[in-house]
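J.: Please find one structure pasted underneath; my questions will follow.
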Amino acid sequence: VIRNKARLVAKGYAQEEGIDFEESFASVARLEAVWIFIAYAAHKSFPIYQMDVKTAFLNGPLKEEVYVVQPDGFVGPNHLEKVYRLRKALYGLKQAPRAWYDELSKFLTSKGFTK
């Protein structure tokens, strides 16, 4: 059985900072920090859990108004000039990582975690 998959991706390379988005951001842990964390957890016999959030970048609400054109091959015959406003981030947007980080941070702080 062959499964075909597709993903709708925005043309983030066409976005201009200050016009289409205010800030981009990607949270990345330094490798040294990860090593120290793992060494400390092993020393104290702490369990370490890993998680993966599927479609993570699709969960962050957008602060800016972002509009996209219809993808080629999916243009409605009665709506040739229609564009769509995005309410949540989409893969490829410059602000998608920041929107996801803000959403995750808000959730974790509501559960008692601190930055």
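Residues are referred to by chain and number: the chain letter is A, B, ... according to the order shown in the structure tokens, the number counts from 1 in that chain, and ligands are numbered separately from 1 in the order shown.
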Do you know which residues are at most 7 Å from Val68 of chain A counting only C-alpha atoms, after dropping those on the same chain fewer than 6 positions away, and could you put them as a PyMOL selection string?
T.: chain A and resi 83-85
J.: Keeping only C-alpha atoms, write those residues as an mmCIF file, in the first residue's frame.
T.:
data_model
loop_
_atom_site.group_PDB
_atom_site.id
_atom_site.type_symbol
_atom_site.label_atom_id
_atom_site.label_comp_id
_atom_site.auth_asym_id
_atom_site.auth_seq_id
_atom_site.Cartn_x
_atom_site.Cartn_y
_atom_site.Cartn_z
ATOM 1 C CA VAL A 83 -7.220 34.723 -0.990
ATOM 2 C CA TYR A 84 -7.389 33.233 2.494
ATOM 3 C CA ARG A 85 -6.609 34.758 5.862
#
J.: Excluding segment 8-23 of chain A and residues on its chain fewer than 5 positions from it, collect all residues at most 8 Å away from it, counting only C-alpha atoms, and give them as a count of residues only.
T.: 10
J.: Enter the distance from atom CA of Met51 of chain A to atom CA of Arg7 of chain A, in Å, rounded to one decimal.
T.: 21.9 Å
J.: For a test of reading the model, state the distance in Å between atom CA of Lys106 of chain A and atom CA of Arg87 of chain A, rounded to one decimal.
T.: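 So the answer is 17.8 Å.
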J.: Hey, which of A:Pro47, A:Thr114, A:Ala6, A:Ser105 ends up closest to Ser27 of chain A? Count only C-alpha atoms.
T.: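 Among the listed residues, A:Ser105 lies closest to Ser27 of chain A.
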J.: By how many Å are atom CA of Leu62 of chain A and atom CA of Ala99 of chain A apart?
T.: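 Interatomic distance here is 6.3 Å.
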J.: Assign secondary structure with DSSP using the backbone only, and return the residues of chain A in strand (DSSP E) as a count of residues only.
T.: 15
J.: When you count only C-alpha atoms, which of these residues is closest to Tyr101 of chain A: A:Phe113, A:Pro71, A:Ile2, A:Pro61?
T.: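 Once distances to Tyr101 of chain A are computed over only C-alpha atoms, the minimum belongs to A:Pro61.
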J.: Looking only at the backbone, which of the residues in chain A does DSSP tag as helix (DSSP H, G or I), as a ChimeraX atom specification?
T.: /A:12-14,31-43,56-58,96-110
J.: With N, CA and C atoms kept, could you save the residues just selected as a compact mmCIF listing (two decimals), in the first residue's frame?
T.:
# COMPACT_ATOMS: atom_id res chain seq x y z
N GLY A 12 7.41 31.56 2.78
CA GLY A 12 8.03 32.44 3.77
C GLY A 12 9.21 33.22 3.23
N TYR A 13 9.86 32.70 2.20
CA TYR A 13 11.00 33.41 1.62
C TYR A 13 10.59 34.74 1.00
N ALA A 14 9.29 34.92 0.73
CA ALA A 14 8.81 36.17 0.14
C ALA A 14 8.40 37.18 1.21
N LEU A 31 24.21 22.45 22.49
CA LEU A 31 24.56 21.05 22.70
C LEU A 31 25.20 20.83 24.06
N GLU A 32 26.02 21.78 24.51
CA GLU A 32 26.66 21.66 25.82
C GLU A 32 25.62 21.64 26.94
N ALA A 33 24.57 22.44 26.80
CA ALA A 33 23.51 22.47 27.81
C ALA A 33 22.78 21.13 27.87
N VAL A 34 22.55 20.52 26.72
CA VAL A 34 21.90 19.21 26.68
C VAL A 34 22.78 18.16 27.35
N TRP A 35 24.08 18.18 27.07
CA TRP A 35 25.00 17.23 27.70
C TRP A 35 25.01 17.38 29.22
N ILE A 36 25.06 18.61 29.69
CA ILE A 36 25.07 18.86 31.14
C ILE A 36 23.77 18.37 31.76
N PHE A 37 22.65 18.64 31.10
CA PHE A 37 21.35 18.19 31.60
C PHE A 37 21.31 16.66 31.71
N ILE A 38 21.74 15.97 30.67
CA ILE A 38 21.73 14.50 30.68
C ILE A 38 22.68 13.95 31.74
N ALA A 39 23.86 14.54 31.87
CA ALA A 39 24.82 14.08 32.88
C ALA A 39 24.25 14.28 34.29
N TYR A 40 23.63 15.42 34.54
CA TYR A 40 23.06 15.69 35.86
C TYR A 40 21.91 14.73 36.16
N ALA A 41 21.04 14.51 35.17
CA ALA A 41 19.91 13.60 35.36
C ALA A 41 20.42 12.18 35.63
N ALA A 42 21.45 11.76 34.92
CA ALA A 42 22.01 10.42 35.14
C ALA A 42 22.64 10.32 36.53
N HIS A 43 23.35 11.37 36.94
CA HIS A 43 23.98 11.39 38.26
C HIS A 43 22.95 11.27 39.38
N ALA A 56 3.45 20.77 15.12
CA ALA A 56 3.66 21.81 16.13
C ALA A 56 3.48 23.21 15.57
N PHE A 57 4.03 23.47 14.40
CA PHE A 57 3.97 24.82 13.86
C PHE A 57 2.56 25.22 13.43
N LEU A 58 1.64 24.29 13.39
CA LEU A 58 0.27 24.60 13.01
C LEU A 58 -0.60 24.96 14.21
N ALA A 96 6.15 31.33 12.24
CA ALA A 96 5.61 30.06 12.74
C ALA A 96 6.37 29.54 13.96
N PRO A 97 7.71 29.54 13.97
CA PRO A 97 8.41 29.05 15.17
C PRO A 97 8.11 29.90 16.40
N ARG A 98 8.02 31.22 16.23
CA ARG A 98 7.74 32.10 17.36
C ARG A 98 6.32 31.88 17.88
N ALA A 99 5.37 31.72 16.98
CA ALA A 99 3.98 31.48 17.39
C ALA A 99 3.88 30.19 18.19
N TRP A 100 4.58 29.14 17.76
CA TRP A 100 4.58 27.87 18.49
C TRP A 100 5.25 28.02 19.84
N TYR A 101 6.38 28.70 19.89
CA TYR A 101 7.10 28.92 21.15
C TYR A 101 6.21 29.67 22.14
N ASP A 102 5.54 30.72 21.69
CA ASP A 102 4.67 31.50 22.57
C ASP A 102 3.52 30.65 23.10
N GLU A 103 2.94 29.82 22.25
CA GLU A 103 1.82 28.95 22.66
C GLU A 103 2.29 27.91 23.68
N LEU A 104 3.42 27.27 23.42
CA LEU A 104 3.97 26.27 24.35
C LEU A 104 4.36 26.93 25.67
N SER A 105 5.00 28.08 25.60
CA SER A 105 5.42 28.80 26.81
C SER A 105 4.22 29.18 27.67
N LYS A 106 3.16 29.66 27.02
CA LYS A 106 1.94 30.04 27.75
C LYS A 106 1.34 28.82 28.46
N PHE A 107 1.31 27.69 27.77
CA PHE A 107 0.77 26.46 28.36
C PHE A 107 1.61 26.01 29.55
N LEU A 108 2.93 25.96 29.38
CA LEU A 108 3.80 25.47 30.45
C LEU A 108 3.77 26.39 31.67
N THR A 109 3.74 27.70 31.48
CA THR A 109 3.68 28.61 32.63
C THR A 109 2.33 28.50 33.33
N SER A 110 1.26 28.18 32.59
CA SER A 110 -0.05 27.98 33.23
C SER A 110 -0.05 26.72 34.10
J.: Which residue is closest to Lys63 of chain A? Choose from A:Pro77, A:Ala89, A:Ser45, A:Lys82 and count only C-alpha atoms.
T.: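 Comparing A:Pro77, A:Ala89, A:Ser45, A:Lys82 against Lys63 of chain A, the winner is A:Ala89.
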